[in-house]
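**Student:** What follows is query_3.cif; its format and atoms are mmCIF, C-alpha atoms (C1' of nucleotides).
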data_model
loop_
_atom_site.label_atom_id
_atom_site.label_comp_id
_atom_site.auth_asym_id
_atom_site.auth_seq_id
_atom_site.Cartn_x
_atom_site.Cartn_y
_atom_site.Cartn_z
CA MET A 1 -4.94 108.51 -60.87
CA ASN A 2 -1.68 107.40 -59.33
CA PHE A 3 -2.32 109.43 -56.21
CA PHE A 4 -5.82 108.04 -55.69
CA TRP A 5 -4.40 104.62 -56.39
CA GLU A 6 -1.87 104.93 -53.60
CA GLN A 7 -3.85 106.87 -51.03
CA GLY A 8 -7.48 106.00 -51.61
CA TYR A 9 -10.28 108.46 -52.25
CA GLU A 10 -10.94 110.02 -48.87
CA ALA A 11 -7.32 110.14 -47.75
CA ALA A 12 -6.31 112.08 -50.86
CA SER A 13 -6.96 115.79 -50.31
CA MET A 14 -7.32 118.21 -53.19
CA ARG A 15 -4.22 120.05 -51.92
CA ASP A 16 -2.16 116.88 -52.15
CA LEU A 17 -3.60 116.02 -55.53
CA LEU A 18 -2.72 119.46 -56.89
CA ASP A 19 0.83 119.10 -55.61
CA ALA A 20 1.12 115.65 -57.13
CA MET A 21 -0.30 116.77 -60.47
CA GLU A 22 1.79 119.94 -60.48
CA ILE A 23 -0.92 122.07 -62.03
CA GLY A 24 -2.83 125.12 -60.93
CA ARG A 25 -5.91 124.84 -58.78
CA GLN A 26 -8.20 126.47 -61.31
CA SER A 27 -6.92 124.35 -64.18
CA LEU A 28 -8.01 121.25 -62.32
CA TYR A 29 -11.46 122.54 -61.42
CA ASP A 30 -12.00 123.89 -64.95
CA THR A 31 -11.05 120.55 -66.44
CA PHE A 32 -12.63 118.04 -64.06
CA GLY A 33 -15.29 119.91 -62.11
CA ASP A 34 -14.88 118.48 -58.65
CA LYS A 35 -13.09 115.82 -56.64
CA HIS A 36 -15.62 113.10 -57.31
CA SER A 37 -15.60 113.71 -61.06
CA LEU A 38 -11.82 113.72 -61.01
CA PHE A 39 -11.87 110.38 -59.26
CA LEU A 40 -14.35 108.91 -61.73
CA ALA A 41 -12.15 110.13 -64.58
CA SER A 42 -9.17 108.46 -62.90
CA LEU A 43 -11.02 105.22 -62.38
CA LYS A 44 -12.27 105.16 -65.97
CA HIS A 45 -8.79 105.92 -67.21
CA TYR A 46 -7.39 103.13 -65.09
CA TYR A 47 -9.97 100.77 -66.45
CA GLU A 48 -9.79 101.75 -70.09
CA GLN A 49 -6.07 102.39 -70.45
CA GLY A 50 -4.81 99.95 -67.85
CA MET A 51 -6.79 96.95 -66.72
CA GLY A 52 -9.00 96.88 -69.79
CA SER A 53 -6.29 95.62 -72.10
CA VAL A 54 -4.99 93.21 -69.48
CA VAL A 55 -8.45 91.72 -69.13
CA ALA A 56 -8.92 91.73 -72.89
CA GLN A 57 -5.81 89.60 -73.36
CA LEU A 58 -7.53 86.84 -71.45
CA SER A 59 -9.92 86.52 -74.39
CA ALA A 60 -7.15 86.25 -76.99
CA PRO A 61 -8.00 83.41 -79.41
CA ASP A 62 -4.57 81.81 -78.89
CA GLY A 63 -4.36 82.60 -75.19
CA GLY A 64 -5.65 79.75 -73.11
CA LEU A 65 -3.70 78.72 -70.05
CA THR A 66 -0.79 81.00 -70.93
CA ALA A 67 -3.11 84.02 -70.86
CA ILE A 68 -4.31 83.08 -67.38
CA GLU A 69 -0.76 82.52 -66.23
CA ASP A 70 0.32 85.86 -67.63
CA TYR A 71 -2.58 87.56 -65.94
CA PHE A 72 -1.75 86.30 -62.46
CA ASP A 73 2.01 86.68 -62.87
CA GLY A 74 1.49 90.23 -64.06
CA MET A 75 -0.85 91.04 -61.20
CA ALA A 76 1.47 89.53 -58.61
CA ARG A 77 4.34 91.55 -60.00
CA ARG A 78 2.40 94.82 -60.28
CA MET A 79 1.02 94.41 -56.77
CA SER A 80 4.50 94.01 -55.33
CA THR A 81 6.22 97.05 -56.79
CA LYS A 82 7.40 99.81 -54.54
CA PRO A 83 4.31 101.71 -53.37
CA TYR A 84 1.96 98.86 -52.55
CA ARG A 85 -1.02 100.26 -54.40
CA SER A 86 -2.91 97.05 -55.00
CA CYS A 87 -5.38 97.62 -57.85
CA LEU A 88 -7.41 100.81 -58.07
CA LEU A 89 -10.56 98.91 -59.00
CA ILE A 90 -10.28 96.54 -56.05
CA ASN A 91 -9.46 99.41 -53.70
CA SER A 92 -12.46 101.33 -54.99
CA ALA A 93 -14.74 98.33 -54.63
CA VAL A 94 -13.83 98.07 -50.97
CA GLU A 95 -13.72 101.74 -50.04
CA LEU A 96 -16.41 103.29 -52.22
CA ALA A 97 -18.69 100.85 -54.03
CA PRO A 98 -21.14 100.41 -51.14
CA HIS A 99 -22.04 104.09 -50.97
CA ASP A 100 -21.13 105.33 -54.44
CA PRO A 101 -23.40 104.05 -57.23
CA GLU A 102 -21.22 105.30 -60.08
CA VAL A 103 -18.14 103.58 -58.69
CA ALA A 104 -20.23 100.49 -58.02
CA THR A 105 -21.28 100.38 -61.67
CA ILE A 106 -17.72 100.59 -62.97
CA VAL A 107 -16.47 98.02 -60.47
CA SER A 108 -19.31 95.67 -61.23
CA ARG A 109 -18.65 95.89 -64.95
CA PHE A 110 -14.97 95.15 -64.31
CA VAL A 111 -15.78 92.05 -62.29
CA LYS A 112 -18.17 90.77 -64.96
CA ASN A 113 -15.63 91.36 -67.72
CA LEU A 114 -12.89 89.68 -65.74
CA ARG A 115 -15.14 86.70 -65.20
CA LYS A 116 -15.99 86.53 -68.88
CA GLY A 117 -12.31 86.83 -69.74
CA PHE A 118 -11.40 83.89 -67.54
CA ALA A 119 -14.27 81.84 -68.98
CA LYS A 120 -13.03 82.55 -72.50
CA ALA A 121 -9.44 81.71 -71.63
CA LEU A 122 -10.60 78.46 -70.05
CA GLU A 123 -12.58 77.61 -73.17
CA VAL A 124 -9.49 78.10 -75.32
CA ALA A 125 -7.36 76.16 -72.85
CA GLU A 126 -9.78 73.25 -72.96
CA ARG A 127 -9.80 73.22 -76.73
CA LYS A 128 -6.00 73.20 -76.72
CA GLY A 129 -6.03 70.37 -74.22
CA GLU A 130 -4.15 72.42 -71.62
CA ALA A 131 -6.88 72.33 -69.03
CA ARG A 132 -9.82 70.22 -68.06
CA VAL A 133 -12.59 71.76 -66.01
CA ASP A 134 -15.99 70.33 -65.22
CA ASP A 135 -17.87 73.57 -64.64
CA ARG A 136 -16.21 76.30 -66.63
CA ASP A 137 -18.24 79.16 -65.22
CA ALA A 138 -17.66 78.11 -61.64
CA VAL A 139 -13.93 77.90 -62.25
CA ALA A 140 -13.96 81.31 -63.93
CA LEU A 141 -15.68 82.69 -60.85
CA HIS A 142 -13.11 81.08 -58.63
CA LEU A 143 -10.31 82.63 -60.67
CA THR A 144 -12.02 86.00 -60.40
CA ASN A 145 -12.18 85.61 -56.65
CA SER A 146 -8.50 84.70 -56.53
CA ALA A 147 -7.65 87.76 -58.59
CA MET A 148 -9.55 89.97 -56.16
CA GLY A 149 -7.73 88.38 -53.26
CA LEU A 150 -4.37 89.62 -54.46
CA GLY A 151 -5.43 93.21 -53.68
CA PRO A 152 -5.89 92.86 -49.93
CA MET A 153 -2.95 90.47 -49.81
CA SER A 154 -0.56 93.01 -51.28
CA ARG A 155 -1.89 95.79 -49.05
CA ALA A 156 -1.26 93.48 -46.11
CA ARG A 157 2.36 93.38 -47.27
CA VAL A 158 2.39 89.75 -48.27
CA PRO A 159 5.69 89.57 -50.17
CA TYR A 160 6.10 88.92 -53.87
CA LYS A 161 7.39 85.38 -53.49
CA ASP A 162 4.15 84.42 -51.72
CA LEU A 163 1.92 86.10 -54.29
CA LYS A 164 3.87 84.25 -56.95
CA LEU A 165 3.26 81.05 -55.04
CA VAL A 166 -0.47 81.81 -55.05
CA ALA A 167 -0.36 82.34 -58.80
CA GLU A 168 1.38 79.00 -59.31
CA GLN A 169 -1.12 77.25 -57.09
CA ILE A 170 -4.03 78.70 -59.03
CA LEU A 171 -2.58 77.41 -62.28
CA LYS A 172 -1.87 74.01 -60.81
CA ASN A 173 -5.54 73.60 -60.02
CA ILE A 174 -6.72 73.96 -63.60
CA ARG A 175 -3.82 72.48 -65.53
CA ALA A 176 -4.68 69.23 -67.24
CA MET B 1 -17.32 98.78 -34.78
CA ASN B 2 -20.37 98.12 -36.89
CA PHE B 3 -20.37 101.65 -38.25
CA PHE B 4 -16.70 101.55 -39.23
CA TRP B 5 -17.32 98.14 -40.71
CA GLU B 6 -20.04 99.45 -42.99
CA GLN B 7 -18.66 102.88 -43.86
CA GLY B 8 -14.90 102.60 -43.63
CA TYR B 9 -12.63 104.76 -41.51
CA GLU B 10 -12.53 108.07 -43.33
CA ALA B 11 -16.16 108.04 -44.41
CA ALA B 12 -17.35 107.61 -40.83
CA SER B 13 -17.50 111.00 -39.12
CA MET B 14 -17.48 111.34 -35.36
CA ARG B 15 -20.96 112.89 -35.59
CA ASP B 16 -22.30 109.81 -37.34
CA LEU B 17 -20.50 107.51 -34.94
CA LEU B 18 -21.99 109.30 -31.95
CA ASP B 19 -25.47 109.02 -33.43
CA ALA B 20 -24.95 105.34 -34.16
CA MET B 21 -23.57 104.61 -30.70
CA GLU B 22 -26.26 106.70 -29.02
CA ILE B 23 -23.95 108.05 -26.36
CA GLY B 24 -22.79 111.52 -25.43
CA ARG B 25 -19.86 113.13 -27.13
CA GLN B 26 -17.77 113.46 -24.01
CA SER B 27 -18.39 109.90 -22.91
CA LEU B 28 -16.82 108.71 -26.11
CA TYR B 29 -13.79 110.95 -25.90
CA ASP B 30 -13.32 110.13 -22.21
CA THR B 31 -13.46 106.42 -22.94
CA PHE B 32 -11.54 106.09 -26.22
CA GLY B 33 -9.47 109.24 -26.55
CA ASP B 34 -9.79 110.01 -30.23
CA LYS B 35 -11.10 108.67 -33.50
CA HIS B 36 -8.05 106.66 -34.35
CA SER B 37 -7.95 104.98 -30.95
CA LEU B 38 -11.65 104.24 -31.23
CA PHE B 39 -11.02 102.60 -34.55
CA LEU B 40 -8.15 100.53 -33.23
CA ALA B 41 -10.37 99.41 -30.36
CA SER B 42 -13.05 98.45 -32.87
CA LEU B 43 -10.61 96.55 -35.03
CA LYS B 44 -9.15 94.71 -32.05
CA HIS B 45 -12.63 93.89 -30.81
CA TYR B 46 -13.57 92.61 -34.24
CA TYR B 47 -10.47 90.48 -34.33
CA GLU B 48 -10.62 89.13 -30.79
CA GLN B 49 -14.35 88.69 -30.36
CA GLY B 50 -15.26 87.96 -33.97
CA MET B 51 -12.78 86.63 -36.50
CA GLY B 52 -10.42 85.27 -33.88
CA SER B 53 -12.65 82.39 -32.89
CA VAL B 54 -13.60 81.72 -36.49
CA VAL B 55 -9.94 81.44 -37.41
CA ALA B 56 -9.24 79.38 -34.29
CA GLN B 57 -11.81 76.81 -35.32
CA LEU B 58 -9.68 76.05 -38.35
CA SER B 59 -7.11 74.60 -35.99
CA ALA B 60 -9.58 72.34 -34.20
CA PRO B 61 -8.00 68.88 -33.80
CA ASP B 62 -11.06 67.20 -35.36
CA GLY B 63 -11.69 69.91 -37.97
CA GLY B 64 -9.97 69.09 -41.20
CA LEU B 65 -11.87 69.62 -44.40
CA THR B 66 -15.10 70.34 -42.58
CA ALA B 67 -13.46 73.24 -40.75
CA ILE B 68 -12.33 74.74 -44.05
CA GLU B 69 -15.75 74.22 -45.55
CA ASP B 70 -17.41 75.85 -42.57
CA TYR B 71 -15.02 78.77 -42.78
CA PHE B 72 -15.80 79.58 -46.40
CA ASP B 73 -19.51 78.89 -46.10
CA GLY B 74 -19.67 81.13 -43.07
CA MET B 75 -17.73 83.88 -44.77
CA ALA B 76 -19.85 83.70 -47.92
CA ARG B 77 -22.98 83.92 -45.81
CA ARG B 78 -21.75 86.75 -43.58
CA MET B 79 -20.54 88.71 -46.60
CA SER B 80 -23.94 88.50 -48.23
CA THR B 81 -26.14 89.74 -45.41
CA LYS B 82 -27.99 92.98 -45.77
CA PRO B 83 -25.45 95.77 -45.41
CA TYR B 84 -22.61 94.45 -47.56
CA ARG B 85 -19.88 95.13 -45.05
CA SER B 86 -17.34 92.62 -46.26
CA CYS B 87 -14.87 91.95 -43.45
CA LEU B 88 -13.51 94.76 -41.32
CA LEU B 89 -9.99 93.38 -41.42
CA ILE B 90 -9.96 93.12 -45.21
CA ASN B 91 -11.50 96.57 -45.55
CA SER B 92 -8.89 97.98 -43.20
CA ALA B 93 -6.08 96.26 -45.05
CA VAL B 94 -7.14 97.95 -48.26
CA GLU B 95 -8.05 101.39 -46.92
CA LEU B 96 -5.59 101.91 -44.08
CA ALA B 97 -2.76 99.40 -43.85
CA PRO B 98 -0.46 101.21 -46.32
CA HIS B 99 -0.34 104.43 -44.28
CA ASP B 100 -1.27 103.24 -40.79
CA PRO B 101 1.40 101.09 -39.10
CA GLU B 102 -0.82 100.01 -36.20
CA VAL B 103 -3.56 98.80 -38.51
CA ALA B 104 -0.92 97.17 -40.69
CA THR B 105 0.36 95.20 -37.70
CA ILE B 106 -3.09 93.89 -36.76
CA VAL B 107 -3.94 93.02 -40.35
CA SER B 108 -0.64 91.30 -40.89
CA ARG B 109 -1.09 89.22 -37.76
CA PHE B 110 -4.56 88.24 -38.96
CA VAL B 111 -3.28 87.10 -42.32
CA LYS B 112 -0.52 85.06 -40.72
CA ASN B 113 -2.93 83.41 -38.29
CA LEU B 114 -5.39 82.65 -41.06
CA ARG B 115 -2.63 81.06 -43.05
CA LYS B 116 -1.53 78.98 -40.08
CA GLY B 117 -5.12 77.99 -39.45
CA PHE B 118 -5.55 76.73 -42.99
CA ALA B 119 -2.25 74.85 -42.80
CA LYS B 120 -3.37 73.17 -39.60
CA ALA B 121 -6.76 72.26 -41.05
CA LEU B 122 -5.06 70.81 -44.10
CA GLU B 123 -2.76 68.77 -41.92
CA VAL B 124 -5.75 67.30 -40.10
CA ALA B 125 -7.58 66.73 -43.36
CA GLU B 126 -4.63 64.86 -44.78
CA ARG B 127 -4.36 62.68 -41.71
CA LYS B 128 -8.06 61.89 -41.98
CA GLY B 129 -7.61 61.09 -45.64
CA GLU B 130 -10.04 63.81 -46.72
CA ALA B 131 -7.52 65.78 -48.70
CA ARG B 132 -4.28 65.25 -50.53
CA VAL B 133 -2.03 68.22 -51.14
CA ASP B 134 1.52 68.24 -52.39
CA ASP B 135 2.68 71.51 -50.86
CA ARG B 136 0.62 72.20 -47.77
CA ASP B 137 1.93 75.69 -47.15
CA ALA B 138 1.36 76.78 -50.71
CA VAL B 139 -2.21 75.51 -50.59
CA ALA B 140 -2.77 77.27 -47.26
CA LEU B 141 -1.56 80.46 -48.86
CA HIS B 142 -3.89 79.95 -51.77
CA LEU B 143 -6.80 79.44 -49.40
CA THR B 144 -5.84 82.62 -47.58
CA ASN B 145 -5.83 84.48 -50.86
CA SER B 146 -9.26 83.08 -51.71
CA ALA B 147 -10.58 84.16 -48.33
CA MET B 148 -9.34 87.69 -48.94
CA GLY B 149 -10.98 87.72 -52.35
CA LEU B 150 -14.43 87.33 -50.86
CA GLY B 151 -14.18 90.84 -49.39
CA PRO B 152 -13.89 92.82 -52.62
CA MET B 153 -16.30 90.38 -54.27
CA SER B 154 -19.05 91.07 -51.78
CA ARG B 155 -18.47 94.82 -51.91
CA ALA B 156 -18.81 94.55 -55.68
CA ARG B 157 -22.23 93.06 -55.02
CA VAL B 158 -21.48 89.61 -56.29
CA PRO B 159 -24.53 87.70 -55.07
CA TYR B 160 -24.57 84.96 -52.44
CA LYS B 161 -25.11 82.11 -54.86
CA ASP B 162 -21.88 83.03 -56.65
CA LEU B 163 -19.88 83.35 -53.43
CA LYS B 164 -21.24 79.96 -52.45
CA LEU B 165 -20.09 78.62 -55.80
CA VAL B 166 -16.62 80.01 -55.12
CA ALA B 167 -16.60 78.25 -51.76
CA GLU B 168 -17.57 74.95 -53.36
CA GLN B 169 -14.92 75.34 -56.00
CA ILE B 170 -12.23 75.97 -53.39
CA LEU B 171 -13.19 72.79 -51.58
CA LYS B 172 -13.28 70.79 -54.78
CA ASN B 173 -9.65 71.66 -55.41
CA ILE B 174 -8.35 70.15 -52.21
CA ARG B 175 -10.76 67.26 -51.68
CA ALA B 176 -9.13 63.88 -52.10
"C1'" DT C 1 1.25 143.49 -82.89
"C1'" DT C 2 -2.54 142.46 -80.98
"C1'" DA C 3 -6.81 140.06 -79.52
"C1'" DG C 4 -8.42 135.99 -77.51
"C1'" DT C 5 -7.86 132.14 -75.08
"C1'" DT C 6 -5.65 129.22 -71.62
"C1'" DC C 7 -3.01 128.67 -67.48
"C1'" DT C 8 -1.34 130.09 -62.91
"C1'" DT C 9 -1.42 132.31 -58.53
"C1'" DG C 10 -3.16 133.06 -54.28
"C1'" DA C 11 -6.65 135.27 -51.58
"C1'" DC C 12 -10.98 133.95 -50.12
"C1'" DC C 13 -15.50 131.39 -48.87
"C1'" DT C 14 -18.46 128.19 -46.29
"C1'" DA C 15 -19.09 123.81 -44.26
"C1'" DT C 16 -17.49 120.33 -41.74
"C1'" DC C 17 -13.92 117.89 -39.64
"C1'" DG C 18 -11.95 116.08 -35.07
"C1'" DG C 19 -11.69 117.64 -30.57
"C1'" DT C 20 -12.36 120.65 -26.08
"C1'" DC C 21 -14.86 122.91 -22.45
"C1'" DT C 22 -18.48 123.78 -19.18
"C1'" DA C 23 -22.36 123.23 -16.63
"C1'" DG C 24 -26.20 120.54 -15.37
"C1'" DA C 25 -28.47 115.78 -14.80
"C1'" DA C 26 -28.22 111.32 -13.39
"C1'" DT C 27 -26.37 107.71 -10.79
"C1'" DA C 28 -23.90 105.51 -7.74
"C1'" DG C 29 -21.88 104.16 -2.75
"C1'" DC C 30 -22.40 104.75 2.01
"C1'" DG D 1 -29.54 112.40 2.43
"C1'" DC D 2 -25.18 113.56 0.97
"C1'" DT D 3 -21.03 113.35 -1.65
"C1'" DA D 4 -18.53 111.91 -5.51
"C1'" DT D 5 -18.26 110.17 -9.70
"C1'" DT D 6 -20.08 109.42 -14.29
"C1'" DC D 7 -22.89 110.81 -18.07
"C1'" DT D 8 -25.29 114.13 -21.10
"C1'" DA D 9 -26.18 118.40 -23.75
"C1'" DG D 10 -24.68 121.59 -26.51
"C1'" DA D 11 -21.95 125.72 -27.21
"C1'" DC D 12 -17.54 126.38 -28.86
"C1'" DC D 13 -12.65 125.94 -31.05
"C1'" DG D 14 -8.98 125.98 -34.68
"C1'" DA D 15 -7.81 123.51 -38.69
"C1'" DT D 16 -8.71 121.89 -42.87
"C1'" DA D 17 -11.83 120.10 -46.23
"C1'" DG D 18 -13.69 121.04 -51.02
"C1'" DG D 19 -14.64 124.76 -53.93
"C1'" DT D 20 -14.93 129.83 -55.94
"C1'" DC D 21 -13.30 134.25 -57.56
"C1'" DA D 22 -10.47 137.62 -59.71
"C1'" DA D 23 -6.39 139.34 -61.76
"C1'" DG D 24 -2.20 138.69 -63.94
"C1'" DA D 25 1.09 135.79 -66.94
"C1'" DA D 26 1.85 132.99 -70.89
"C1'" DC D 27 0.83 131.27 -74.96
"C1'" DT D 28 -1.62 131.07 -79.58
"C1'" DA D 29 -3.07 132.63 -84.03
"C1'" DA D 30 -3.88 136.04 -87.57
#
Would you give me this structure, written as structure tokens?
**Tutor:**
Amino acid sequence: MNFFWEQGYEAASMRDLLDAMEIGRQSLYDTFGDKHSLFLASLKHYYEQGMGSVVAQLSAPDGGLTAIEDYFDGMARRMSTKPYRSCLLINSAVELAPHDPEVATIVSRFVKNLRKGFAKALEVAERKGEARVDDRDAVALHLTNSAMGLGPMSRARVPYKDLKLVAEQILKNIRA
Amino acid sequence: MNFFWEQGYEAASMRDLLDAMEIGRQSLYDTFGDKHSLFLASLKHYYEQGMGSVVAQLSAPDGGLTAIEDYFDGMARRMSTKPYRSCLLINSAVELAPHDPEVATIVSRFVKNLRKGFAKALEVAERKGEARVDDRDAVALHLTNSAMGLGPMSRARVPYKDLKLVAEQILKNIRA
DNA sequence: TTAGTTCTTGACCTATCGGTCTAGAATAGC
DNA sequence: GCTATTCTAGACCGATAGGTCAAGAACTAA
């Protein structure tokens, strides 16, 4: 997963992956079948063990604006650590989704969940009086778009301080 | 250029490129050298003949808010036309920039110019009384991030009406 | 101890990758 | 009409891609 995350799908050769995983060739093929299946397993793992819980925290009943802030701060920080890997789901959306239906399905589900998460967080924030938005769904969509933007930004080597500035600006726009 | 734009760098084989370009194999190698040089030529062409002028229009002395609006509307529209190609510069940032210094340089220059363009448009908008922003550079950065977000969004098949909604929301945030 | 399973090693396979070479066809300039 | 350059067609190249096979090593359980 980490290797695909850094290198992308096509640029990661099975040789490199085997070296990185430090297992035997046959073990890998016995366990995962082929490269594409291995990638799908990686992407699902990333989603379920990684981003899934991060997205889920947006829907926390006591989250609200803090949950949104944590999301963007966390993303900005993760995006800016040593190997600039961006986010595997965003990378996959760009590189593979157009000609890989299975990847497209996973990516699409992620985007929908993220959008729902933001909508929920906004709802809580409104109830707590932290935010005031006229069209909650449109704002949730805008937040989703901003989240996706951080991927290309980090790969373009935009430094942490600027990503942090983006995160602050996003929050400023919805804060009451 | 169009083929790379749709398929990405690695996924586009020289065979496919030759078919798409409808020229002889040797003509291509004589003219461009190799695949990587061909790609760089494509990316530069895309930048100079395509995005360059779009970005430049942001700095138009009479642009202001309208220029920003046109930029996002245009992007949303272009992103949503038949083959969902996103933007070649954003695609390249994600797929290649981390391990391709030459691509990284072009992409980085693009991001900087886009940011400057937004800053200039905001300056004009403020002077015309169309917008009021507290930290112009931070807002420009935020707009840049939003622009980058449209790439992954379109590749994730988010429909036009939603991208349009994102564009409207962006404008709403800076309008006076 | 021993039988059965799992893991590792590395030789091996075919297909395709990017790229070269050559010889003929077309197209220019004069 | 002739020469020189450019383009095309397609055979060809080594390297490497993803993937298979077979045999031995290591571990597990009774």
**Student:** Counting only C-alpha atoms, which of B:Asn173, B:Thr31, B:Ser154, B:Gln57 gets nearest to His142 of chain B?
**Tutor:**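 Ranking B:Asn173, B:Thr31, B:Ser154, B:Gln57 by distance to His142 of chain B, first place goes to B:Asn173.
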**Student:** So which residues get picked by the PyMOL selection byres ((chain C and resi 5) around 9) here, written as a list in words?
**Tutor:**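 This file gives the following for the PyMOL selection byres ((chain C and resi 5) around 9): DG4 and DT6 of chain C; DC27 and DT28 of chain D.
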**Student:** Mind giving me the straight-line distance from atom CA of Gly151 of chain B to atom CA of Cys87 of chain B in Å, one decimal?
**Tutor:**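 Separation of atom CA of Gly151 of chain B and atom CA of Cys87 of chain B: 6.1 Å.
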**Student:** When you look at DT6 of chain D with a cut-off of 12 Å (counting only C-alpha atoms (C1' of nucleotides)), what residues show up, excluding the ones that are within fewer than 3 positions of it in the same chain? I need them as a CSV table (one decimal) with C-alpha atoms (C1' of nucleotides), in the coordinates of the input.
**Tutor:**
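around.csv was written with the following content:
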chain,number,residue,atom,x,y,z
B,24,GLY,CA,-22.8,111.5,-25.4
B,26,GLN,CA,-17.8,113.5,-24.0
B,27,SER,CA,-18.4,109.9,-22.9
B,30,ASP,CA,-13.3,110.1,-22.2
B,31,THR,CA,-13.5,106.4,-22.9
C,25,DA,C1',-28.5,115.8,-14.8
C,26,DA,C1',-28.2,111.3,-13.4
C,27,DT,C1',-26.4,107.7,-10.8
C,28,DA,C1',-23.9,105.5,-7.7
**Student:** Grab the atom CA of Ala147 of chain A to atom CA of His36 of chain A distance for me, in Å with one decimal place.
**Tutor:** 26.6 Å
**Student:** Counting all atoms listed in the file, which of B:Val111, B:Ala60, B:Ala20, B:Val124 gets nearest to chain A?
**Tutor:**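 Using all atoms listed in the file, the shortest distance to chain A belongs to B:Val111.
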**Student:** For the file shown, what are the residues hit by the PyMOL selection byres ((chain A) within 6 of (chain B)), laid out as a compact mmCIF listing (two decimals) with C-alpha atoms, in the frame of the given file?
**Tutor:**
# COMPACT_ATOMS: atom_id res chain seq x y z
CA ALA A 93 -14.74 98.33 -54.63
CA VAL A 94 -13.83 98.07 -50.97
CA SER A 108 -19.31 95.67 -61.23
CA HIS A 142 -13.11 81.08 -58.63
CA ASN A 145 -12.18 85.61 -56.65
CA SER A 146 -8.50 84.70 -56.53
CA MET A 148 -9.55 89.97 -56.16
CA GLY A 149 -7.73 88.38 -53.26
CA PRO A 152 -5.89 92.86 -49.93
CA ARG A 155 -1.89 95.79 -49.05
CA ALA A 156 -1.26 93.48 -46.11
CA VAL A 166 -0.47 81.81 -55.05
**Student:** On this structure, which residues satisfy the PyMOL selection byres ((chain B) within 9 of (chain C)), written as a ChimeraX atom specification?
**Tutor:** /B:13-14,29,34-35
**Student:** What would the file look like if the residues just selected were written as a tab-separated table (two decimals), in the coordinates of the input with C-alpha atoms?
**Tutor:**
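Written file, selection_18.tsv:
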chain	number	residue	atom	x	y	z
B	13	SER	CA	-17.50	111.00	-39.12
B	14	MET	CA	-17.48	111.34	-35.36
B	29	TYR	CA	-13.79	110.95	-25.90
B	34	ASP	CA	-9.79	110.01	-30.23
B	35	LYS	CA	-11.10	108.67	-33.50
**Student:** Just the number, please: distance in Å from atom CA of Leu28 of chain B to atom CA of Phe3 of chain B, one decimal.
**Tutor:**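 Spanning atom CA of Leu28 of chain B to atom CA of Phe3 of chain B is a straight-line distance of 14.5 Å.
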**Student:** Define the interface residues of chain D facing chain A as those within 12 Å, counting all atoms listed in the file, and report them as a PDB file with C-alpha atoms (C1' of nucleotides), in the frame of the given file.
**Tutor:**
ATOM      1  C1'  DT D  16      -8.710 121.890 -42.870  1.00  0.00           C
ATOM      2  C1'  DA D  17     -11.830 120.100 -46.230  1.00  0.00           C
ATOM      3  C1'  DG D  18     -13.690 121.040 -51.020  1.00  0.00           C
ATOM      4  C1'  DG D  19     -14.640 124.760 -53.930  1.00  0.00           C
ATOM      5  C1'  DT D  20     -14.930 129.830 -55.940  1.00  0.00           C
ATOM      6  C1'  DC D  21     -13.300 134.250 -57.560  1.00  0.00           C
ATOM      7  C1'  DA D  22     -10.470 137.620 -59.710  1.00  0.00           C
TER       8       DA D  22
END
